[in-house]
$ cat coords_15.cif   # mmCIF, N, CA and C atoms
data_coords
#
loop_
_atom_site.group_PDB
_atom_site.id
_atom_site.type_symbol
_atom_site.label_atom_id
_atom_site.label_comp_id
_atom_site.auth_asym_id
_atom_site.auth_seq_id
_atom_site.Cartn_x
_atom_site.Cartn_y
_atom_site.Cartn_z
ATOM 1 N N MET A 29 -26.794 -9.400 29.194
ATOM 2 C CA MET A 29 -25.896 -9.752 30.269
ATOM 3 C C MET A 29 -24.478 -9.307 29.910
ATOM 4 N N LYS A 30 -23.832 -8.664 30.816
ATOM 5 C CA LYS A 30 -22.461 -8.189 30.590
ATOM 6 C C LYS A 30 -21.481 -9.326 30.774
ATOM 7 N N ASN A 31 -20.542 -9.407 29.860
ATOM 8 C CA ASN A 31 -19.473 -10.401 29.957
ATOM 9 C C ASN A 31 -18.194 -9.711 30.411
ATOM 10 N N HIS A 32 -17.497 -10.331 31.334
ATOM 11 C CA HIS A 32 -16.198 -9.851 31.793
ATOM 12 C C HIS A 32 -15.157 -10.765 31.156
ATOM 13 N N VAL A 33 -14.361 -10.177 30.283
ATOM 14 C CA VAL A 33 -13.382 -10.974 29.542
ATOM 15 C C VAL A 33 -11.998 -10.396 29.783
ATOM 16 N N THR A 34 -11.075 -11.229 30.217
ATOM 17 C CA THR A 34 -9.695 -10.792 30.415
ATOM 18 C C THR A 34 -8.927 -11.046 29.130
ATOM 19 N N VAL A 35 -8.295 -9.980 28.627
ATOM 20 C CA VAL A 35 -7.537 -10.054 27.379
ATOM 21 C C VAL A 35 -6.139 -9.512 27.621
ATOM 22 N N SER A 36 -5.265 -9.829 26.699
ATOM 23 C CA SER A 36 -3.898 -9.309 26.766
ATOM 24 C C SER A 36 -3.673 -8.389 25.573
ATOM 25 N N ILE A 37 -3.315 -7.141 25.886
ATOM 26 C CA ILE A 37 -3.007 -6.152 24.850
ATOM 27 C C ILE A 37 -1.678 -5.520 25.214
ATOM 28 N N ALA A 38 -0.740 -5.584 24.290
ATOM 29 C CA ALA A 38 0.602 -5.012 24.490
ATOM 30 C C ALA A 38 1.253 -5.571 25.751
ATOM 31 N N GLY A 39 1.036 -6.861 25.995
ATOM 32 C CA GLY A 39 1.682 -7.516 27.122
ATOM 33 C C GLY A 39 1.051 -7.246 28.474
ATOM 34 N N ARG A 40 -0.070 -6.540 28.489
ATOM 35 C CA ARG A 40 -0.757 -6.262 29.765
ATOM 36 C C ARG A 40 -2.149 -6.873 29.721
ATOM 37 N N ASN A 41 -2.597 -7.337 30.863
ATOM 38 C CA ASN A 41 -3.932 -7.910 30.953
ATOM 39 C C ASN A 41 -4.948 -6.830 31.304
ATOM 40 N N TYR A 42 -6.086 -6.896 30.625
ATOM 41 C CA TYR A 42 -7.190 -5.981 30.867
ATOM 42 C C TYR A 42 -8.467 -6.814 30.972
ATOM 43 N N THR A 43 -9.339 -6.444 31.873
ATOM 44 C CA THR A 43 -10.646 -7.075 31.936
ATOM 45 C C THR A 43 -11.632 -6.114 31.285
ATOM 46 N N LEU A 44 -12.190 -6.567 30.176
ATOM 47 C CA LEU A 44 -13.144 -5.753 29.435
ATOM 48 C C LEU A 44 -14.551 -6.234 29.756
ATOM 49 N N VAL A 45 -15.463 -5.287 29.894
ATOM 50 C CA VAL A 45 -16.861 -5.601 30.157
ATOM 51 C C VAL A 45 -17.638 -5.251 28.890
ATOM 52 N N ALA A 46 -18.365 -6.256 28.359
ATOM 53 C CA ALA A 46 -19.056 -6.044 27.090
ATOM 54 C C ALA A 46 -20.332 -6.871 27.012
ATOM 55 N N ASP A 47 -21.239 -6.422 26.177
ATOM 56 C CA ASP A 47 -22.454 -7.199 25.908
ATOM 57 C C ASP A 47 -22.152 -8.355 24.950
ATOM 58 N N GLU A 48 -21.110 -8.201 24.150
ATOM 59 C CA GLU A 48 -20.756 -9.208 23.164
ATOM 60 C C GLU A 48 -20.138 -10.427 23.836
ATOM 61 N N ASP A 49 -20.090 -11.526 23.079
ATOM 62 C CA ASP A 49 -19.536 -12.757 23.647
ATOM 63 C C ASP A 49 -18.011 -12.698 23.723
ATOM 64 N N GLU A 50 -17.458 -13.658 24.423
ATOM 65 C CA GLU A 50 -16.015 -13.694 24.686
ATOM 66 C C GLU A 50 -15.197 -13.750 23.405
ATOM 67 N N ALA A 51 -15.653 -14.519 22.434
ATOM 68 C CA ALA A 51 -14.914 -14.655 21.171
ATOM 69 C C ALA A 51 -14.792 -13.304 20.469
ATOM 70 N N TYR A 52 -15.868 -12.532 20.484
ATOM 71 C CA TYR A 52 -15.831 -11.218 19.844
ATOM 72 C C TYR A 52 -14.874 -10.279 20.581
ATOM 73 N N VAL A 53 -14.955 -10.260 21.894
ATOM 74 C CA VAL A 53 -14.082 -9.388 22.692
ATOM 75 C C VAL A 53 -12.616 -9.768 22.461
ATOM 76 N N ASN A 54 -12.323 -11.062 22.405
ATOM 77 C CA ASN A 54 -10.954 -11.509 22.121
ATOM 78 C C ASN A 54 -10.504 -11.078 20.725
ATOM 79 N N LYS A 55 -11.420 -11.112 19.782
ATOM 80 C CA LYS A 55 -11.108 -10.683 18.406
ATOM 81 C C LYS A 55 -10.747 -9.194 18.378
ATOM 82 N N VAL A 56 -11.529 -8.390 19.089
ATOM 83 C CA VAL A 56 -11.255 -6.952 19.174
ATOM 84 C C VAL A 56 -9.899 -6.707 19.826
ATOM 85 N N ALA A 57 -9.647 -7.385 20.933
ATOM 86 C CA ALA A 57 -8.376 -7.210 21.645
ATOM 87 C C ALA A 57 -7.202 -7.635 20.768
ATOM 88 N N ALA A 58 -7.342 -8.726 20.047
ATOM 89 C CA ALA A 58 -6.265 -9.188 19.169
ATOM 90 C C ALA A 58 -5.995 -8.175 18.063
ATOM 91 N N PHE A 59 -7.052 -7.567 17.549
ATOM 92 C CA PHE A 59 -6.893 -6.547 16.507
ATOM 93 C C PHE A 59 -6.109 -5.357 17.040
ATOM 94 N N VAL A 60 -6.509 -4.865 18.214
ATOM 95 C CA VAL A 60 -5.814 -3.726 18.823
ATOM 96 C C VAL A 60 -4.361 -4.091 19.123
ATOM 97 N N ASP A 61 -4.152 -5.282 19.657
ATOM 98 C CA ASP A 61 -2.795 -5.732 19.966
ATOM 99 C C ASP A 61 -1.931 -5.769 18.707
ATOM 100 N N THR A 62 -2.488 -6.273 17.619
ATOM 101 C CA THR A 62 -1.747 -6.334 16.352
ATOM 102 C C THR A 62 -1.396 -4.934 15.869
ATOM 103 N N LYS A 63 -2.353 -4.032 15.937
ATOM 104 C CA LYS A 63 -2.105 -2.654 15.498
ATOM 105 C C LYS A 63 -1.033 -1.978 16.361
ATOM 106 N N LEU A 64 -1.086 -2.204 17.659
ATOM 107 C CA LEU A 64 -0.067 -1.640 18.547
ATOM 108 C C LEU A 64 1.311 -2.212 18.229
ATOM 109 N N THR A 65 1.359 -3.509 17.994
ATOM 110 C CA THR A 65 2.633 -4.188 17.708
ATOM 111 C C THR A 65 3.258 -3.659 16.418
ATOM 112 N N GLU A 66 2.405 -3.348 15.424
ATOM 113 C CA GLU A 66 2.912 -2.822 14.152
ATOM 114 C C GLU A 66 3.708 -1.535 14.350
ATOM 115 N N LEU A 67 3.329 -0.731 15.315
ATOM 116 C CA LEU A 67 3.962 0.580 15.513
ATOM 117 C C LEU A 67 5.007 0.606 16.621
ATOM 118 N N SER A 68 5.098 -0.461 17.395
ATOM 119 C CA SER A 68 5.962 -0.407 18.570
ATOM 120 C C SER A 68 7.388 -0.881 18.309
ATOM 121 N N GLY A 69 7.746 -1.156 17.086
ATOM 122 C CA GLY A 69 9.083 -1.666 16.791
ATOM 123 C C GLY A 69 10.191 -0.639 16.895
ATOM 124 N N ASP A 70 9.867 0.620 16.756
ATOM 125 C CA ASP A 70 10.875 1.677 16.782
ATOM 126 C C ASP A 70 11.089 2.144 18.224
ATOM 127 N N PRO A 71 12.304 1.964 18.777
ATOM 128 C CA PRO A 71 12.544 2.347 20.169
ATOM 129 C C PRO A 71 12.434 3.857 20.414
ATOM 130 N N ARG A 72 12.486 4.654 19.351
ATOM 131 C CA ARG A 72 12.372 6.113 19.512
ATOM 132 C C ARG A 72 10.930 6.558 19.726
ATOM 133 N N VAL A 73 9.981 5.660 19.458
ATOM 134 C CA VAL A 73 8.569 6.005 19.609
ATOM 135 C C VAL A 73 8.113 5.608 21.015
ATOM 136 N N THR A 74 7.604 6.574 21.738
ATOM 137 C CA THR A 74 7.177 6.317 23.122
ATOM 138 C C THR A 74 5.898 5.483 23.136
ATOM 139 N N PRO A 75 5.636 4.815 24.239
ATOM 140 C CA PRO A 75 4.383 4.052 24.342
ATOM 141 C C PRO A 75 3.134 4.924 24.121
ATOM 142 N N LEU A 76 3.179 6.157 24.601
ATOM 143 C CA LEU A 76 2.048 7.056 24.380
ATOM 144 C C LEU A 76 1.886 7.353 22.894
ATOM 145 N N ASP A 77 3.009 7.603 22.206
ATOM 146 C CA ASP A 77 2.955 7.845 20.762
ATOM 147 C C ASP A 77 2.376 6.635 20.031
ATOM 148 N N VAL A 78 2.790 5.442 20.444
ATOM 149 C CA VAL A 78 2.271 4.214 19.825
ATOM 150 C C VAL A 78 0.756 4.143 20.020
ATOM 151 N N ALA A 79 0.299 4.437 21.222
ATOM 152 C CA ALA A 79 -1.136 4.380 21.512
ATOM 153 C C ALA A 79 -1.908 5.401 20.678
ATOM 154 N N VAL A 80 -1.389 6.622 20.612
ATOM 155 C CA VAL A 80 -2.068 7.678 19.859
ATOM 156 C C VAL A 80 -2.078 7.348 18.362
ATOM 157 N N LEU A 81 -0.947 6.916 17.840
ATOM 158 C CA LEU A 81 -0.880 6.575 16.417
ATOM 159 C C LEU A 81 -1.780 5.379 16.095
ATOM 160 N N THR A 82 -1.840 4.419 16.998
ATOM 161 C CA THR A 82 -2.731 3.271 16.802
ATOM 162 C C THR A 82 -4.182 3.730 16.772
ATOM 163 N N CYS A 83 -4.550 4.601 17.693
ATOM 164 C CA CYS A 83 -5.917 5.143 17.699
ATOM 165 C C CYS A 83 -6.214 5.880 16.392
ATOM 166 N N ALA A 84 -5.265 6.662 15.935
ATOM 167 C CA ALA A 84 -5.451 7.405 14.682
ATOM 168 C C ALA A 84 -5.625 6.448 13.498
ATOM 169 N N ASN A 85 -4.802 5.400 13.458
ATOM 170 C CA ASN A 85 -4.899 4.437 12.356
ATOM 171 C C ASN A 85 -6.222 3.681 12.384
ATOM 172 N N ILE A 86 -6.646 3.256 13.561
ATOM 173 C CA ILE A 86 -7.912 2.529 13.672
ATOM 174 C C ILE A 86 -9.081 3.453 13.323
ATOM 175 N N THR A 87 -9.014 4.707 13.763
ATOM 176 C CA THR A 87 -10.066 5.662 13.433
ATOM 177 C C THR A 87 -10.115 5.919 11.933
ATOM 178 N N ASP A 88 -8.958 6.004 11.300
ATOM 179 C CA ASP A 88 -8.904 6.160 9.846
ATOM 180 C C ASP A 88 -9.596 4.982 9.153
ATOM 181 N N GLU A 89 -9.291 3.770 9.582
ATOM 182 C CA GLU A 89 -9.927 2.581 9.014
ATOM 183 C C GLU A 89 -11.436 2.611 9.249
ATOM 184 N N TYR A 90 -11.840 3.041 10.434
ATOM 185 C CA TYR A 90 -13.259 3.123 10.772
ATOM 186 C C TYR A 90 -13.982 4.104 9.850
ATOM 187 N N PHE A 91 -13.431 5.311 9.682
ATOM 188 C CA PHE A 91 -14.070 6.307 8.823
ATOM 189 C C PHE A 91 -14.140 5.832 7.372
ATOM 190 N N LYS A 92 -13.085 5.175 6.902
ATOM 191 C CA LYS A 92 -13.101 4.649 5.530
ATOM 192 C C LYS A 92 -14.143 3.548 5.380
ATOM 193 N N ALA A 93 -14.317 2.731 6.415
ATOM 194 C CA ALA A 93 -15.341 1.676 6.366
ATOM 195 C C ALA A 93 -16.738 2.290 6.331
ATOM 196 N N ILE A 94 -16.952 3.348 7.105
ATOM 197 C CA ILE A 94 -18.249 4.031 7.088
ATOM 198 C C ILE A 94 -18.510 4.634 5.715
ATOM 199 N N GLU A 95 -17.495 5.272 5.145
ATOM 200 C CA GLU A 95 -17.644 5.867 3.818
ATOM 201 C C GLU A 95 -17.960 4.794 2.775
ATOM 202 N N SER A 96 -17.274 3.675 2.860
ATOM 203 C CA SER A 96 -17.532 2.569 1.940
ATOM 204 C C SER A 96 -18.950 2.044 2.124
ATOM 205 N N GLN A 97 -19.376 1.918 3.371
ATOM 206 C CA GLN A 97 -20.730 1.455 3.666
ATOM 207 C C GLN A 97 -21.764 2.421 3.087
ATOM 208 N N ASP A 98 -21.532 3.718 3.250
ATOM 209 C CA ASP A 98 -22.450 4.723 2.704
ATOM 210 C C ASP A 98 -22.506 4.624 1.178
ATOM 211 N N ASN A 99 -21.340 4.439 0.553
ATOM 212 C CA ASN A 99 -21.305 4.297 -0.906
ATOM 213 C C ASN A 99 -22.085 3.065 -1.354
ATOM 214 N N LEU A 100 -21.926 1.961 -0.632
ATOM 215 C CA LEU A 100 -22.657 0.740 -0.978
ATOM 216 C C LEU A 100 -24.158 0.940 -0.795
ATOM 217 N N ARG A 101 -24.551 1.654 0.245
ATOM 218 C CA ARG A 101 -25.978 1.942 0.457
ATOM 219 C C ARG A 101 -26.544 2.767 -0.694
ATOM 220 N N ARG A 102 -25.787 3.794 -1.111
ATOM 221 C CA ARG A 102 -26.237 4.623 -2.233
ATOM 222 C C ARG A 102 -26.364 3.789 -3.504
ATOM 223 N N GLN A 103 -25.376 2.925 -3.725
ATOM 224 C CA GLN A 103 -25.404 2.054 -4.889
ATOM 225 C C GLN A 103 -26.618 1.135 -4.841
ATOM 226 N N LEU A 104 -26.849 0.526 -3.704
ATOM 227 C CA LEU A 104 -27.981 -0.377 -3.540
ATOM 228 C C LEU A 104 -29.294 0.364 -3.750
ATOM 229 N N LYS A 105 -29.390 1.570 -3.207
ATOM 230 C CA LYS A 105 -30.600 2.375 -3.396
ATOM 231 C C LYS A 105 -30.822 2.638 -4.882
ATOM 232 N N GLY A 106 -29.760 2.954 -5.602
ATOM 233 C CA GLY A 106 -29.864 3.170 -7.048
ATOM 234 C C GLY A 106 -30.332 1.917 -7.769
ATOM 235 N N TYR A 107 -29.779 0.769 -7.386
ATOM 236 C CA TYR A 107 -30.188 -0.489 -8.009
ATOM 237 C C TYR A 107 -31.655 -0.781 -7.737
ATOM 238 N N LEU A 108 -32.098 -0.527 -6.501
ATOM 239 C CA LEU A 108 -33.497 -0.755 -6.156
ATOM 240 C C LEU A 108 -34.416 0.182 -6.938
ATOM 241 N N GLU A 109 -33.999 1.430 -7.092
ATOM 242 C CA GLU A 109 -34.793 2.373 -7.879
ATOM 243 C C GLU A 109 -34.853 1.938 -9.339
ATOM 244 N N ASP A 110 -33.719 1.511 -9.893
ATOM 245 C CA ASP A 110 -33.694 1.004 -11.269
ATOM 246 C C ASP A 110 -34.609 -0.206 -11.413
ATOM 247 N N SER A 111 -34.563 -1.092 -10.430
ATOM 248 C CA SER A 111 -35.390 -2.289 -10.453
ATOM 249 C C SER A 111 -36.873 -1.919 -10.418
ATOM 250 N N ALA A 112 -37.243 -0.971 -9.575
ATOM 251 C CA ALA A 112 -38.642 -0.534 -9.485
ATOM 252 C C ALA A 112 -39.080 0.093 -10.802
ATOM 253 N N HIS A 113 -38.207 0.882 -11.397
ATOM 254 C CA HIS A 113 -38.516 1.511 -12.690
ATOM 255 C C HIS A 113 -38.706 0.445 -13.763
ATOM 256 N N THR A 114 -37.831 -0.528 -13.782
ATOM 257 C CA THR A 114 -37.920 -1.614 -14.759
ATOM 258 C C THR A 114 -39.198 -2.424 -14.554
ATOM 259 N N LYS A 115 -39.558 -2.655 -13.297
ATOM 260 C CA LYS A 115 -40.789 -3.381 -12.988
ATOM 261 C C LYS A 115 -42.008 -2.621 -13.514
ATOM 262 N N THR A 116 -42.007 -1.312 -13.320
ATOM 263 C CA THR A 116 -43.106 -0.472 -13.809
ATOM 264 C C THR A 116 -43.176 -0.519 -15.332
ATOM 265 N N GLU A 117 -42.026 -0.421 -15.983
ATOM 266 C CA GLU A 117 -41.969 -0.511 -17.450
ATOM 267 C C GLU A 117 -42.505 -1.850 -17.934
ATOM 268 N N LEU A 118 -42.093 -2.917 -17.261
ATOM 269 C CA LEU A 118 -42.530 -4.250 -17.640
ATOM 270 C C LEU A 118 -44.051 -4.381 -17.520
ATOM 271 N N ALA A 119 -44.599 -3.860 -16.437
ATOM 272 C CA ALA A 119 -46.054 -3.915 -16.248
ATOM 273 C C ALA A 119 -46.764 -3.145 -17.354
ATOM 274 N N GLU A 120 -46.235 -1.997 -17.715
ATOM 275 C CA GLU A 120 -46.828 -1.191 -18.799
ATOM 276 C C GLU A 120 -46.736 -1.925 -20.133
ATOM 277 N N LEU A 121 -45.614 -2.537 -20.404
ATOM 278 C CA LEU A 121 -45.452 -3.297 -21.648
ATOM 279 C C LEU A 121 -46.397 -4.495 -21.694
ATOM 280 N N ARG A 122 -46.607 -5.133 -20.573
ATOM 281 C CA ARG A 122 -47.551 -6.261 -20.521
ATOM 282 C C ARG A 122 -48.978 -5.790 -20.797
ATOM 283 N N ARG A 123 -49.351 -4.640 -20.225
ATOM 284 C CA ARG A 123 -50.684 -4.093 -20.483
ATOM 285 C C ARG A 123 -50.829 -3.746 -21.962
ATOM 286 N N GLU A 124 -49.791 -3.150 -22.510
ATOM 287 C CA GLU A 124 -49.819 -2.783 -23.929
ATOM 288 C C GLU A 124 -49.925 -4.031 -24.805
ATOM 289 N N LEU A 125 -49.190 -5.062 -24.478
ATOM 290 C CA LEU A 125 -49.247 -6.320 -25.226
ATOM 291 C C LEU A 125 -50.646 -6.932 -25.139
ATOM 292 N N ALA A 126 -51.241 -6.870 -23.953
ATOM 293 C CA ALA A 126 -52.592 -7.404 -23.783
ATOM 294 C C ALA A 126 -53.587 -6.632 -24.643
ATOM 295 N N ARG A 127 -53.439 -5.305 -24.737
ATOM 296 C CA ARG A 127 -54.317 -4.484 -25.586
ATOM 297 C C ARG A 127 -54.154 -4.871 -27.053
ATOM 298 N N TYR A 128 -52.907 -5.096 -27.484
ATOM 299 C CA TYR A 128 -52.673 -5.484 -28.892
ATOM 300 C C TYR A 128 -53.255 -6.852 -29.203
ATOM 301 N N LYS A 129 -53.208 -7.732 -28.234
ATOM 302 C CA LYS A 129 -53.764 -9.077 -28.438
ATOM 303 C C LYS A 129 -55.285 -9.023 -28.577
ATOM 304 N N LYS A 130 -55.930 -8.107 -27.828
ATOM 305 C CA LYS A 130 -57.381 -7.951 -27.917
ATOM 306 C C LYS A 130 -57.792 -7.279 -29.213
ATOM 307 N N ASN A 131 -57.012 -6.297 -29.651
ATOM 308 C CA ASN A 131 -57.333 -5.503 -30.858
ATOM 309 C C ASN A 131 -56.157 -5.520 -31.819
ATOM 310 N N PRO A 132 -55.992 -6.589 -32.566
ATOM 311 C CA PRO A 132 -54.816 -6.669 -33.453
ATOM 312 C C PRO A 132 -54.796 -5.670 -34.543
#

$ encode --input "coords_15.cif" --output "structure tokens"
Amino acid sequence: MKNHVTVSIAGRNYTLVADEDEAYVNKVAAFVDTKLTELSGDPRVTPLDVAVLTCANITDEYFKAIESQDNLRRQLKGYLEDSAHTKTELAELRRELARYKKNP
């Protein structure tokens, strides 16, 4: 079900339509509003420049988050492979120990 949520960004009201709940949409809008506010303090920067720079900054954060996520996935995959290898070693050592116990 689509939710229609009215939010305020940069002093203007927008009605956003989203599958997510109202709290999430408000969180997104507040984030964008904060990012816009960070760049809008300089009167020499036009509103369009603020919007473009905000988009660039958010996109930069997004790409860095994806890269971090990919790195964590690779790390986790390595840990899982190490764990599987260790499990195999342990099973082999247990079999070897059982053989020694049968034939000292």

$ atom_distance --input "coords_15.cif" --atom1 "atom N of Thr62 (chain A)" --atom2 "atom C of Cys83 (chain A)"
12.8 Å

$ resolve_selection --input "coords_15.cif" --expression "the PyMOL selection byres ((chain A and resi 51-61) around 7)" --output "PyMOL selection string"
chain A and resi 35-38+48-50+62-66

$ write_last_selection --input "coords_15.cif" --atoms "N, CA and C atoms" --output "compact mmCIF listing (two decimals), in the coordinates of the input"
# COMPACT_ATOMS: atom_id res chain seq x y z
N VAL A 35 -8.30 -9.98 28.63
CA VAL A 35 -7.54 -10.05 27.38
C VAL A 35 -6.14 -9.51 27.62
N SER A 36 -5.26 -9.83 26.70
CA SER A 36 -3.90 -9.31 26.77
C SER A 36 -3.67 -8.39 25.57
N ILE A 37 -3.32 -7.14 25.89
CA ILE A 37 -3.01 -6.15 24.85
C ILE A 37 -1.68 -5.52 25.21
N ALA A 38 -0.74 -5.58 24.29
CA ALA A 38 0.60 -5.01 24.49
C ALA A 38 1.25 -5.57 25.75
N GLU A 48 -21.11 -8.20 24.15
CA GLU A 48 -20.76 -9.21 23.16
C GLU A 48 -20.14 -10.43 23.84
N ASP A 49 -20.09 -11.53 23.08
CA ASP A 49 -19.54 -12.76 23.65
C ASP A 49 -18.01 -12.70 23.72
N GLU A 50 -17.46 -13.66 24.42
CA GLU A 50 -16.02 -13.69 24.69
C GLU A 50 -15.20 -13.75 23.40
N THR A 62 -2.49 -6.27 17.62
CA THR A 62 -1.75 -6.33 16.35
C THR A 62 -1.40 -4.93 15.87
N LYS A 63 -2.35 -4.03 15.94
CA LYS A 63 -2.10 -2.65 15.50
C LYS A 63 -1.03 -1.98 16.36
N LEU A 64 -1.09 -2.20 17.66
CA LEU A 64 -0.07 -1.64 18.55
C LEU A 64 1.31 -2.21 18.23
N THR A 65 1.36 -3.51 17.99
CA THR A 65 2.63 -4.19 17.71
C THR A 65 3.26 -3.66 16.42
N GLU A 66 2.40 -3.35 15.42
CA GLU A 66 2.91 -2.82 14.15
C GLU A 66 3.71 -1.54 14.35

$ closest_residue --input "coords_15.cif" --among "A:Asn31, A:Thr74, A:Thr116, A:Ser111" --to "Thr43 (chain A)" --atoms "only C-alpha atoms"
A:Asn31

$ select_by_dssp --input "coords_15.cif" --residues "chain A" --states "strand (DSSP E)" --output "JSON, numbers by chain"
{"A": [31, 32, 33, 34, 35, 36, 37, 40, 41, 42, 43, 44, 45, 46]}

$ write_last_selection --input "coords_15.cif" --atoms "N, CA and C atoms" --output "PDB file, in the coordinates of the input"
ATOM      1  N   ASN A  31     -20.542  -9.407  29.860  1.00  0.00           N
ATOM      2  CA  ASN A  31     -19.473 -10.401  29.957  1.00  0.00           C
ATOM      3  C   ASN A  31     -18.194  -9.711  30.411  1.00  0.00           C
ATOM      4  N   HIS A  32     -17.497 -10.331  31.334  1.00  0.00           N
ATOM      5  CA  HIS A  32     -16.198  -9.851  31.793  1.00  0.00           C
ATOM      6  C   HIS A  32     -15.157 -10.765  31.156  1.00  0.00           C
ATOM      7  N   VAL A  33     -14.361 -10.177  30.283  1.00  0.00           N
ATOM      8  CA  VAL A  33     -13.382 -10.974  29.542  1.00  0.00           C
ATOM      9  C   VAL A  33     -11.998 -10.396  29.783  1.00  0.00           C
ATOM     10  N   THR A  34     -11.075 -11.229  30.217  1.00  0.00           N
ATOM     11  CA  THR A  34      -9.695 -10.792  30.415  1.00  0.00           C
ATOM     12  C   THR A  34      -8.927 -11.046  29.130  1.00  0.00           C
ATOM     13  N   VAL A  35      -8.295  -9.980  28.627  1.00  0.00           N
ATOM     14  CA  VAL A  35      -7.537 -10.054  27.379  1.00  0.00           C
ATOM     15  C   VAL A  35      -6.139  -9.512  27.621  1.00  0.00           C
ATOM     16  N   SER A  36      -5.265  -9.829  26.699  1.00  0.00           N
ATOM     17  CA  SER A  36      -3.898  -9.309  26.766  1.00  0.00           C
ATOM     18  C   SER A  36      -3.673  -8.389  25.573  1.00  0.00           C
ATOM     19  N   ILE A  37      -3.315  -7.141  25.886  1.00  0.00           N
ATOM     20  CA  ILE A  37      -3.007  -6.152  24.850  1.00  0.00           C
ATOM     21  C   ILE A  37      -1.678  -5.520  25.214  1.00  0.00           C
ATOM     22  N   ARG A  40      -0.070  -6.540  28.489  1.00  0.00           N
ATOM     23  CA  ARG A  40      -0.757  -6.262  29.765  1.00  0.00           C
ATOM     24  C   ARG A  40      -2.149  -6.873  29.721  1.00  0.00           C
ATOM     25  N   ASN A  41      -2.597  -7.337  30.863  1.00  0.00           N
ATOM     26  CA  ASN A  41      -3.932  -7.910  30.953  1.00  0.00           C
ATOM     27  C   ASN A  41      -4.948  -6.830  31.304  1.00  0.00           C
ATOM     28  N   TYR A  42      -6.086  -6.896  30.625  1.00  0.00           N
ATOM     29  CA  TYR A  42      -7.190  -5.981  30.867  1.00  0.00           C
ATOM     30  C   TYR A  42      -8.467  -6.814  30.972  1.00  0.00           C
ATOM     31  N   THR A  43      -9.339  -6.444  31.873  1.00  0.00           N
ATOM     32  CA  THR A  43     -10.646  -7.075  31.936  1.00  0.00           C
ATOM     33  C   THR A  43     -11.632  -6.114  31.285  1.00  0.00           C
ATOM     34  N   LEU A  44     -12.190  -6.567  30.176  1.00  0.00           N
ATOM     35  CA  LEU A  44     -13.144  -5.753  29.435  1.00  0.00           C
ATOM     36  C   LEU A  44     -14.551  -6.234  29.756  1.00  0.00           C
ATOM     37  N   VAL A  45     -15.463  -5.287  29.894  1.00  0.00           N
ATOM     38  CA  VAL A  45     -16.861  -5.601  30.157  1.00  0.00           C
ATOM     39  C   VAL A  45     -17.638  -5.251  28.890  1.00  0.00           C
ATOM     40  N   ALA A  46     -18.365  -6.256  28.359  1.00  0.00           N
ATOM     41  CA  ALA A  46     -19.056  -6.044  27.090  1.00  0.00           C
ATOM     42  C   ALA A  46     -20.332  -6.871  27.012  1.00  0.00           C
TER      43      ALA A  46
END

$ atom_distance --input "coords_15.cif" --atom1 "atom N of Lys30 (chain A)" --atom2 "CA of Asp47 (chain A)"
5.3 Å

$ select_by_dssp --input "coords_15.cif" --residues "chain A" --states "alpha helix (DSSP H)" --output "ChimeraX atom specification"
/A:50-67,75-130

$ atom_distance --input "coords_15.cif" --atom1 "CA of Lys129 (chain A)" --atom2 "CA of Asp110 (chain A)"
28.3 Å

$ resolve_selection --input "coords_15.cif" --expression "the PyMOL selection byres (((chain A and resi 33 and name CA) around 6) and name CA)" --output "list in words"
His32, Thr34, Thr43 and Leu44 of chain A

$ decode --input "coords_15.cif" --residues "region 71-93 of chain A" --atoms "C-alpha atoms" --output "tab-separated table (two decimals), in the first residue's frame"
chain	number	residue	atom	x	y	z
A	71	PRO	CA	24.30	33.70	0.12
A	72	ARG	CA	26.55	33.44	-2.97
A	73	VAL	CA	25.41	29.86	-3.56
A	74	THR	CA	22.21	29.64	-5.58
A	75	PRO	CA	19.39	27.30	-4.57
A	76	LEU	CA	20.13	25.18	-7.64
A	77	ASP	CA	23.80	24.94	-6.63
A	78	VAL	CA	22.74	23.89	-3.12
A	79	ALA	CA	20.48	21.19	-4.57
A	80	VAL	CA	23.16	19.88	-6.94
A	81	LEU	CA	25.88	19.90	-4.28
A	82	THR	CA	23.54	18.17	-1.83
A	83	CYS	CA	22.80	15.48	-4.41
A	84	ALA	CA	26.52	15.05	-5.04
A	85	ASN	CA	27.27	14.76	-1.31
A	86	ILE	CA	24.48	12.25	-0.70
A	87	THR	CA	25.56	10.22	-3.73
A	88	ASP	CA	29.13	10.22	-2.43
A	89	GLU	CA	27.91	8.89	0.93
A	90	TYR	CA	25.79	6.29	-0.87
A	91	PHE	CA	28.70	5.00	-2.99
A	92	LYS	CA	30.98	4.85	0.06
A	93	ALA	CA	28.30	2.89	1.96
